[in-house]
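One file, entry_0.txt, is given below (compact mmCIF, C-alpha atoms).
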# COMPACT_ATOMS: atom_id res chain seq x y z
CA TRP A 23 26.74 23.53 9.45
CA PHE A 24 23.19 22.66 8.37
CA ASP A 25 19.90 24.20 9.41
CA HIS A 26 16.24 23.39 8.68
CA PRO A 27 12.92 23.93 10.47
CA ALA A 28 13.06 20.22 11.44
CA ILE A 29 16.79 20.23 12.26
CA ASN A 30 16.26 18.67 15.71
CA ASP A 31 14.90 15.54 14.03
CA LEU A 32 17.62 15.28 11.38
CA GLU A 33 20.99 13.55 11.47
CA PHE A 34 23.67 13.50 8.77
CA TYR A 35 25.85 10.62 7.56
CA LYS A 36 28.72 9.85 5.21
CA THR A 37 27.06 6.70 3.85
CA LYS A 38 23.64 5.74 2.55
CA GLU A 39 23.34 3.02 5.19
CA CYS A 40 23.39 5.71 7.91
CA LYS A 41 25.50 3.63 10.30
CA SER A 42 26.28 5.19 13.66
CA GLU A 43 30.02 5.21 12.95
CA ASP A 44 29.39 7.26 9.79
CA LYS A 45 27.50 10.04 11.52
CA ILE A 46 28.68 13.60 10.83
CA ASN A 47 28.39 16.36 13.42
CA ILE A 48 27.37 19.30 11.26
CA LYS A 49 24.76 21.37 13.10
CA PHE A 50 24.98 24.83 14.64
CA GLU A 51 25.78 23.48 18.09
CA SER A 52 28.45 21.12 16.72
CA PRO A 53 29.72 22.46 13.36
CA PHE A 54 32.06 20.51 11.11
CA ASP A 55 35.62 21.85 11.34
CA LEU A 56 37.18 22.04 7.85
CA THR A 57 40.63 22.44 9.37
CA GLN A 58 40.32 18.88 10.68
CA GLY A 59 39.28 17.22 7.40
CA GLU A 60 37.17 17.37 4.25
CA LEU A 61 33.48 16.77 3.91
CA PRO A 62 32.47 13.78 1.75
CA LYS A 63 31.14 14.46 -1.74
CA SER A 64 27.75 13.07 -0.70
CA ILE A 65 26.01 13.61 2.62
CA TYR A 66 22.93 11.59 3.58
CA VAL A 67 20.18 12.94 5.81
CA ARG A 68 17.93 10.78 7.94
CA VAL A 69 14.89 11.57 10.09
CA GLU A 70 15.82 10.06 13.45
CA ASN A 71 12.92 11.19 15.61
CA GLU A 72 9.55 10.53 14.05
CA ASP A 73 6.70 12.71 15.26
CA THR A 74 3.80 10.94 16.96
CA ASN A 75 1.43 12.96 14.76
CA ALA A 76 1.01 11.05 11.49
CA LEU A 77 -0.21 14.18 9.69
CA SER A 78 3.04 15.94 10.46
CA GLU A 79 5.42 17.14 7.81
CA THR A 80 7.82 20.06 7.83
CA THR A 81 8.53 22.18 4.77
CA GLY A 82 11.48 24.54 4.48
CA ASP A 83 14.97 25.04 3.10
CA LEU A 84 17.88 22.84 4.08
CA ARG A 85 20.60 25.46 4.42
CA LEU A 86 24.36 24.87 4.53
CA PHE A 87 26.43 27.63 6.10
CA LEU A 88 30.16 28.31 5.75
CA THR A 89 31.34 30.30 8.74
CA LYS A 90 34.45 31.41 10.56
CA SER A 91 35.47 29.71 13.77
CA SER A 92 32.31 31.12 15.33
CA PRO A 93 29.16 29.65 13.72
CA SER A 94 27.48 33.02 13.93
CA GLU A 95 30.08 34.62 11.59
CA ILE A 96 28.59 33.55 8.25
CA LEU A 97 30.76 33.74 5.14
CA ALA A 98 28.49 31.94 2.65
CA GLU A 99 25.21 30.05 2.43
CA THR A 100 23.56 27.66 -0.01
CA LYS A 101 20.17 26.01 0.23
CA LEU A 102 17.72 23.60 -1.33
CA PRO A 103 14.02 22.97 -0.59
CA LEU A 104 13.37 19.96 1.64
CA THR A 105 10.04 18.65 2.94
CA VAL A 106 10.41 16.22 5.81
CA VAL A 107 7.52 13.72 5.57
CA ARG A 108 7.23 11.67 8.70
CA SER A 109 4.45 9.19 8.02
CA PHE A 110 1.38 8.03 6.15
CA GLY A 111 -1.33 10.65 6.58
CA ALA A 112 0.98 13.55 5.75
CA ALA A 113 -0.01 15.55 2.67
CA HIS A 114 3.09 14.62 0.67
CA PHE A 115 3.43 10.99 1.77
CA PHE A 116 3.08 9.57 -1.74
CA ASN A 117 5.43 12.19 -3.19
CA ALA A 118 7.98 11.04 -0.63
CA ALA A 119 7.32 7.39 -1.51
CA ARG A 120 8.10 8.12 -5.17
CA ASP A 121 11.26 9.98 -4.15
CA TYR A 122 12.35 6.96 -2.13
CA ILE A 123 11.78 4.64 -5.10
CA PHE A 124 13.83 6.87 -7.41
CA GLU A 125 16.66 7.48 -4.95
CA ASN A 126 17.00 3.81 -4.08
CA ASN A 127 16.21 2.57 -7.60
CA THR A 128 13.75 0.05 -6.22
CA LYS A 129 10.43 -1.36 -7.41
CA VAL A 130 8.38 -0.73 -4.28
CA PHE A 131 8.34 1.39 -1.13
CA ILE A 132 7.24 -0.59 1.94
CA ARG A 133 6.10 1.13 5.12
CA ASP A 134 4.38 -0.05 8.30
CA HIS A 135 1.97 2.47 9.78
CA GLY A 136 0.36 2.00 13.18
CA TYR A 137 -2.48 3.29 15.32
CA PRO A 138 -2.39 4.86 17.82
CA PHE A 139 0.65 6.87 16.77
CA GLY A 140 3.72 6.08 18.81
CA PRO A 141 6.07 3.20 19.63
CA ASN A 142 3.46 0.55 20.57
CA PRO A 143 0.54 0.61 18.13
CA SER A 144 -2.25 -1.93 18.57
CA ILE A 145 -3.06 -1.80 14.84
CA VAL A 146 -0.52 -1.90 12.01
CA PHE A 147 -1.08 -1.60 8.27
CA ARG A 148 1.70 -2.52 5.86
CA LEU A 149 1.71 -0.31 2.77
CA CYS A 150 3.34 -1.41 -0.49
CA VAL A 151 3.60 1.63 -2.77
CA MET A 152 4.50 1.40 -6.47
CA ARG A 153 4.81 3.91 -9.29
CA GLU A 154 1.68 4.09 -11.41
CA GLU A 155 3.53 4.25 -14.72
CA ALA A 156 5.85 1.34 -13.91
CA THR A 157 3.30 -1.14 -12.56
CA ASN A 158 1.01 -3.70 -14.20
CA LEU A 159 -1.87 -5.69 -12.73
CA ILE A 160 -2.30 -9.48 -12.81
CA PRO A 161 -5.82 -10.61 -11.81
CA TYR A 162 -5.38 -14.32 -11.10
CA ASP A 163 -8.06 -17.04 -11.12
CA ALA A 164 -6.62 -19.58 -8.68
CA TYR A 165 -9.58 -21.94 -8.92
CA THR A 166 -9.36 -22.52 -12.67
CA ALA A 167 -5.58 -22.79 -12.44
CA ASP A 168 -5.89 -25.14 -9.42
CA LYS A 169 -3.38 -23.13 -7.37
CA LYS A 170 -3.99 -23.42 -3.66
CA GLY A 171 -2.98 -20.35 -1.68
CA VAL A 172 -1.24 -17.08 -2.40
CA GLU A 173 2.24 -18.61 -2.54
CA ALA A 174 1.28 -21.05 -5.30
CA ALA A 175 -0.62 -18.33 -7.14
CA ALA A 176 2.28 -15.86 -6.93
CA SER A 177 4.68 -18.47 -8.24
CA ALA A 178 2.36 -19.14 -11.19
CA MET A 179 2.21 -15.40 -11.89
CA GLY A 180 5.92 -15.48 -12.58
CA GLY A 181 7.20 -13.69 -9.53
CA PRO A 182 5.30 -10.43 -9.02
CA THR A 183 6.58 -7.50 -6.97
CA VAL A 184 3.54 -7.72 -4.68
CA ALA A 185 0.76 -10.32 -4.42
CA ILE A 186 -2.44 -9.91 -2.39
CA ASN A 187 -5.85 -11.44 -1.87
CA GLY A 188 -8.66 -10.79 -4.37
CA ASN A 189 -12.41 -10.25 -4.01
CA GLN A 190 -14.99 -12.17 -1.98
CA CYS A 191 -15.45 -15.78 -3.02
CA PHE A 192 -18.00 -18.55 -2.48
CA PHE A 193 -19.08 -22.05 -3.52
CA GLU A 194 -21.65 -22.22 -6.30
CA ILE A 195 -23.56 -25.02 -4.56
CA GLY A 196 -24.01 -22.78 -1.51
CA LEU A 197 -21.58 -24.32 1.00
CA ASP A 198 -21.42 -22.27 4.21
CA GLU A 199 -18.42 -22.33 6.55
CA SER A 200 -20.72 -21.61 9.52
CA ASP A 201 -22.51 -24.91 8.84
CA ALA A 202 -20.54 -27.78 10.34
CA GLY A 203 -22.19 -30.17 7.92
CA ASP A 204 -20.65 -28.34 4.95
CA LEU A 205 -17.09 -28.27 6.27
CA PRO A 206 -16.03 -31.74 5.01
CA GLN A 207 -16.86 -30.69 1.42
CA MET A 208 -14.96 -27.41 1.78
CA LEU A 209 -11.83 -28.44 3.64
CA GLY A 210 -8.72 -28.04 1.50
CA ASN A 211 -10.68 -27.15 -1.63
CA ILE A 212 -10.68 -23.86 -3.54
CA ALA A 213 -13.87 -21.80 -3.65
CA ASP A 214 -15.22 -22.02 -7.21
CA SER A 215 -16.82 -18.58 -7.62
CA CYS A 216 -16.30 -14.92 -6.75
CA HIS A 217 -18.66 -11.97 -6.26
CA GLY A 218 -17.82 -9.69 -9.17
CA ARG A 219 -15.82 -10.00 -12.35
CA LEU A 220 -12.21 -11.07 -12.79
CA ILE A 221 -10.81 -10.18 -16.22
CA ARG A 222 -7.35 -11.26 -17.38
CA ASN A 223 -6.00 -10.22 -20.78
CA SER A 224 -9.55 -9.17 -21.80
CA LEU A 225 -10.98 -12.61 -20.97
CA LEU A 226 -13.68 -12.98 -18.31
CA ALA A 227 -12.71 -15.66 -15.79
CA PRO A 228 -15.27 -18.47 -15.35
CA ILE A 229 -15.36 -17.94 -11.58
CA SER A 230 -16.90 -14.46 -12.08
CA SER A 231 -20.45 -13.78 -10.89
CA ASP A 232 -22.72 -10.81 -11.69
CA ASN A 233 -25.43 -11.97 -9.29
CA TYR A 234 -26.29 -9.17 -6.88
CA TYR A 235 -29.49 -10.70 -5.50
CA THR A 236 -28.95 -11.81 -1.91
CA THR A 237 -31.94 -14.18 -1.84
CA THR A 238 -30.92 -16.62 -4.58
CA ASP A 239 -30.58 -20.31 -3.78
CA PRO A 240 -28.43 -22.29 -3.22
CA ALA A 241 -25.79 -19.52 -3.18
CA PRO A 242 -26.84 -15.93 -2.46
CA GLY A 243 -25.35 -13.14 -4.53
CA SER A 244 -23.78 -9.92 -3.28
CA PRO A 245 -24.45 -6.24 -4.01
CA LEU A 246 -20.70 -6.00 -4.68
CA ALA A 247 -21.28 -8.00 -7.89
CA GLY A 248 -23.83 -5.52 -9.14
CA PRO A 249 -23.85 -2.14 -10.86
CA ASP A 250 -23.50 1.05 -8.83
CA PRO A 251 -26.07 1.99 -7.71
CA ILE A 252 -28.17 -1.17 -7.47
CA PRO A 253 -31.14 -0.54 -9.83
CA GLU A 254 -33.90 -1.80 -7.57
CA THR A 255 -32.79 -0.04 -4.37
CA GLY A 256 -30.40 2.77 -5.27
CA GLU A 257 -27.96 1.33 -2.70
CA PRO A 258 -24.22 1.15 -3.42
CA GLY A 259 -23.03 -1.65 -5.69
CA GLY A 260 -19.54 -2.91 -6.45
CA LYS A 261 -16.29 -1.13 -7.22
CA PHE A 262 -13.47 -2.23 -9.49
CA VAL A 263 -9.86 -1.57 -10.41
CA VAL A 264 -8.58 -1.88 -13.97
CA LYS A 265 -5.18 -1.47 -15.61
CA SER A 266 -5.17 -0.78 -19.33
CA SER A 267 -2.05 -0.61 -21.48
CA THR A 268 -1.56 3.03 -20.53
CA SER A 269 -3.42 3.85 -17.31
CA TRP A 270 -5.05 2.77 -14.05
CA ASN A 271 -8.66 3.41 -13.18
CA PHE A 272 -10.55 3.00 -9.91
CA ALA A 273 -14.28 3.15 -10.57
CA ALA A 274 -17.78 2.19 -9.43
CA GLY A 275 -19.85 -0.58 -11.02
CA ARG A 276 -19.05 -3.88 -12.68
CA ALA A 277 -15.50 -4.47 -13.87
CA SER A 278 -14.56 -3.95 -17.49
CA GLY A 279 -11.31 -3.54 -19.40
CA ALA A 280 -8.20 -5.55 -20.17
CA ASN A 281 -7.05 -6.56 -16.67
CA ALA A 282 -9.56 -5.87 -13.93
CA LEU A 283 -11.06 -7.07 -10.68
CA GLY A 284 -14.54 -6.13 -9.49
CA GLY A 285 -16.64 -6.92 -6.44
CA LEU A 286 -14.69 -4.49 -4.24
CA SER A 287 -16.10 -2.36 -1.45
CA THR A 288 -15.93 1.18 -0.06
CA TYR A 289 -18.04 0.41 3.02
CA TYR A 290 -15.27 1.32 5.46
CA ALA A 291 -17.61 1.34 8.48
CA SER A 292 -19.06 -2.13 7.81
CA PRO A 293 -20.06 -3.70 11.15
CA GLU A 294 -19.40 -7.15 9.67
CA ARG A 295 -15.72 -6.26 9.24
CA ALA A 296 -15.27 -4.29 12.46
CA ASP A 297 -13.64 -7.30 14.16
CA LYS A 298 -11.66 -8.46 11.14
CA ALA A 299 -8.33 -7.59 9.53
CA HIS A 300 -8.53 -5.54 6.33
CA GLN A 301 -6.76 -5.64 3.00
CA MET A 302 -7.12 -2.75 0.57
CA ILE A 303 -5.88 -1.35 -2.72
CA GLY A 304 -5.69 2.35 -3.50
CA PHE A 305 -4.53 5.05 -5.87
CA ALA A 306 -3.00 8.48 -5.27
CA LYS A 307 -2.67 10.91 -8.16
CA GLY A 308 0.74 12.46 -8.74
CA THR A 309 1.75 16.04 -9.43
CA GLU A 310 2.17 14.98 -13.08
CA THR A 311 -0.51 13.11 -15.01
CA GLY A 312 0.24 9.41 -15.15
CA LYS A 313 2.86 9.58 -12.39
CA GLY A 314 0.95 8.74 -9.27
CA CYS A 315 1.07 5.78 -6.90
CA VAL A 316 -0.75 2.46 -6.77
CA PHE A 317 -0.62 0.91 -3.31
CA THR A 318 -1.83 -1.97 -1.19
CA ALA A 319 -2.56 -1.83 2.54
CA THR A 320 -2.70 -4.97 4.66
CA GLU A 321 -3.63 -5.02 8.33
CA ILE A 322 -0.84 -7.20 9.70
CA LYS A 323 -1.69 -6.46 13.35
CA GLY A 324 -5.08 -5.85 14.93
CA VAL A 325 -8.53 -5.61 13.34
CA GLY A 326 -10.96 -2.95 12.16
CA ALA A 327 -9.76 0.65 11.78
CA ALA A 328 -10.76 0.91 8.11
CA THR A 329 -12.35 4.32 8.68
CA THR A 330 -9.22 5.54 10.46
CA PHE A 331 -6.99 4.34 7.64
CA LYS A 332 -9.33 5.90 5.09
CA SER A 333 -8.98 9.25 6.88
CA GLY A 334 -5.18 9.00 6.62
CA ALA A 335 -5.41 8.10 2.94
CA SER A 336 -7.58 11.15 2.27
CA SER A 337 -5.09 13.38 4.09
CA SER A 338 -2.32 11.95 1.91
CA GLY A 339 -4.13 12.85 -1.29
CA VAL A 340 -6.25 9.81 -2.18
CA GLU A 341 -9.13 11.45 -4.01
CA ALA A 342 -12.89 10.99 -3.76
CA LEU A 343 -14.46 8.36 -6.01
CA THR A 344 -16.85 9.99 -8.45
CA PRO A 345 -19.39 9.03 -9.52
CA SER A 346 -20.30 6.65 -6.72
CA ALA A 347 -23.41 5.76 -4.76
CA ASP A 348 -21.21 5.78 -1.63
CA ALA A 349 -21.10 9.43 -0.58
CA GLY A 350 -17.86 9.03 1.37
CA ALA A 351 -16.04 6.72 -1.05
CA ILE A 352 -12.47 7.44 -2.07
CA LYS A 353 -10.11 5.58 -4.39
CA LEU A 354 -9.37 3.07 -1.66
CA PHE A 355 -11.11 -0.28 -2.16
CA ILE A 356 -11.55 -3.09 0.36
CA LEU A 357 -10.71 -6.59 -0.86
CA ASP A 358 -11.93 -9.86 0.65
CA SER A 359 -10.99 -9.16 4.26
CA GLY A 360 -10.93 -11.01 7.52
CA ALA A 361 -11.87 -14.57 8.54
CA GLY A 362 -8.44 -15.82 7.46
CA SER A 363 -8.65 -14.64 3.86
CA LEU A 364 -5.78 -12.14 3.77
CA GLY A 365 -2.65 -12.89 1.80
CA LEU A 366 0.38 -10.64 1.30
CA MET A 367 3.69 -11.32 -0.38
CA HIS A 368 6.22 -8.73 -1.50
CA ILE A 369 9.85 -8.57 -2.54
CA ASP A 370 12.57 -7.94 0.03
CA PRO A 371 15.52 -5.54 -0.51
CA SER A 372 17.35 -8.22 -2.50
CA GLY A 373 14.40 -8.59 -4.88
CA THR A 374 13.30 -11.99 -3.55
CA LEU A 375 9.55 -12.50 -3.18
CA ARG A 376 8.72 -13.29 0.46
CA SER A 377 5.63 -14.19 2.42
CA ALA A 378 4.67 -11.27 4.67
CA TYR A 379 1.24 -12.04 6.12
CA ILE A 380 -0.91 -15.01 5.12
CA GLY A 381 -4.21 -16.06 6.66
CA ARG A 382 -5.44 -19.63 6.92
CA LYS A 383 -7.61 -19.48 3.78
CA SER A 384 -4.62 -18.38 1.74
CA LYS A 385 -2.14 -20.72 3.44
CA PHE A 386 -3.70 -23.91 4.80
CA GLY A 387 -7.09 -24.13 3.07
CA PHE A 388 -9.03 -24.05 6.31
CA PRO A 389 -11.90 -24.29 5.89
CA TYR A 390 -11.16 -23.64 2.19
CA TYR A 391 -8.79 -21.76 -0.15
CA VAL A 392 -9.82 -18.41 -1.61
CA ALA A 393 -10.54 -18.28 -5.34
CA ASP A 394 -8.50 -15.38 -6.67
CA TYR A 395 -5.58 -13.02 -6.10
CA LEU A 396 -4.01 -9.87 -7.49
CA GLY A 397 -0.41 -9.57 -8.56
CA PHE A 398 1.52 -6.37 -9.26
CA THR A 399 4.63 -6.33 -11.40
CA SER A 400 6.69 -3.17 -11.16
CA THR A 401 10.01 -2.05 -12.58
CA ALA A 402 12.76 0.02 -11.01
CA PRO A 403 13.43 3.53 -12.42
CA ARG A 404 16.84 2.52 -13.82
CA PRO A 405 18.29 -0.72 -15.22
Give the structure from the file, written as structure tokens.
Amino acid sequence: WFDHPAINDLEFYKTKECKSEDKINIKFESPFDLTQGELPKSIYVRVENEDTNALSETTGDLRLFLTKSSPSEILAETKLPLTVVRSFGAAHFFNAARDYIFENNTKVFIRDHGYPFGPNPSIVFRLCVMREEATNLIPYDAYTADKKGVEAAASAMGGPTVAINGNQCFFEIGLDESDAGDLPQMLGNIADSCHGRLIRNSLLAPISSDNYYTTTDPAPGSPLAGPDPIPETGEPGGKFVVKSSTSWNFAAGRASGANALGGLSTYYASPERADKAHQMIGFAKGTETGKGCVFTATEIKGVGAATTFKSGASSSGVEALTPSADAGAIKLFILDSGAGSLGLMHIDPSGTLRSAYIGRKSKFGFPYYVADYLGFTSTAPRP
């Protein structure tokens, strides 16, 4: 029989699929009787009862006992260390995500995490977690390529593992979706500019803007396109993510490098986004250098909650962003979020790229299509 500090939440199976008919009774209260048959060569363990506390994880040894007919008469014991990680927010969540990827030989670990904790959350974020060392970044200029929506962009990328929305975009001539008179010029068209830099294969995309002045006419700039801090005010500027040939970097300021996207935000408590769905990209360092996790988080149900999600990310090991003019910034960056901009596609268990959550600006072009996206191509641990 097995024992572990979390034994009440664990069940054991003969097969990886953990079907009910393959369940093995092998606990102290119902030990496996070797006189009635042999144990399989492989036994699979599954957490059946998830704790309602997202920070919960249980560390201990999974112990296997060989006993006489009475379970208390122990003849032999063997053990191995096992940490049961129940959810995002637990300290070893990203370690567990990497373990899942290796054990299942998959490209990505996908997990829905909700608030409040429990069976009926009002807010749900979908996390797509990939291995740092096995993942590349594709910043994609949809305007220049004339690809309308995330599905067309993902197809042009060549079938990424995950595709998401990019940074904030706008029309160079100053069209405003809140102005009914501008809507006819916008409808079904792709925004032609973005706040911040998009760099693909070391080439700066023509849609990129460095303008951080918010009073320019006809189109105002954004502090997210500027350096960090903004020289004239000392206020926070933009953030960017870059993937070089050997490493990922999440940093403050204007984007630079081989494949990068700037114009990102760490203003988690923004009142302008409090009633909007969020899409984010983050990084968690691994126990070994170069073997961490790159992940996306898309709010597929509900709005707001960026500060709550940020707290969970910090608890799971996402580190502070330094240097940064944002005192509370971590390596979790907000993309163009809300108002129909979100776009998420990811592969299913068969490896087929599927649409998961797509807003109107990434699906129907109402009142316009967003200008850029990010693709992630990842490989499985084994051929």
List every protein, DNA or RNA residue that has an atom no more than 6 Å from (-14.0, 3.5, 8.7) in the file's coordinate frame, counting all atoms listed in the file, and report them as a PyMOL selection string. chain A and resi 290-291+327-330
I'd like to know which of A:Arg68, A:Arg376, A:Arg382, A:Arg404 is closest to Lys129 (chain A), using all atoms listed in the file.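 Going through A:Arg68, A:Arg376, A:Arg382, A:Arg404 one by one, the smallest distance to Lys129 (chain A) is for A:Arg404.
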Got a sec: who's within 8 Å of region 211-224 of chain A, counting only C-alpha atoms, leaving out chain neighbours fewer than 5 positions off, as a PyMOL selection string? chain A and resi 160-165+168+170+189-194+229-233+243-244+246-248+260+276-286+387+390-394
Write out as lines of an AutoDock Vina configuration file an axis-aligned box for region 239-256 of chain A: all of its atoms listed in the file, 6 Å added on each side, centre and edge lengths in Å with one decimal.
center_x = -27.3
center_y = -9.8
center_z = -6.7
size_x = 25.2
size_y = 37.1
size_z = 20.4
Just to confirm, what's the straight-line distance from CA of Pro138 (chain A) to CA of Pro371 (chain A) in Å (one decimal)?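 So the two atoms, CA of Pro138 (chain A) and CA of Pro371 (chain A), lie 27.7 Å apart.
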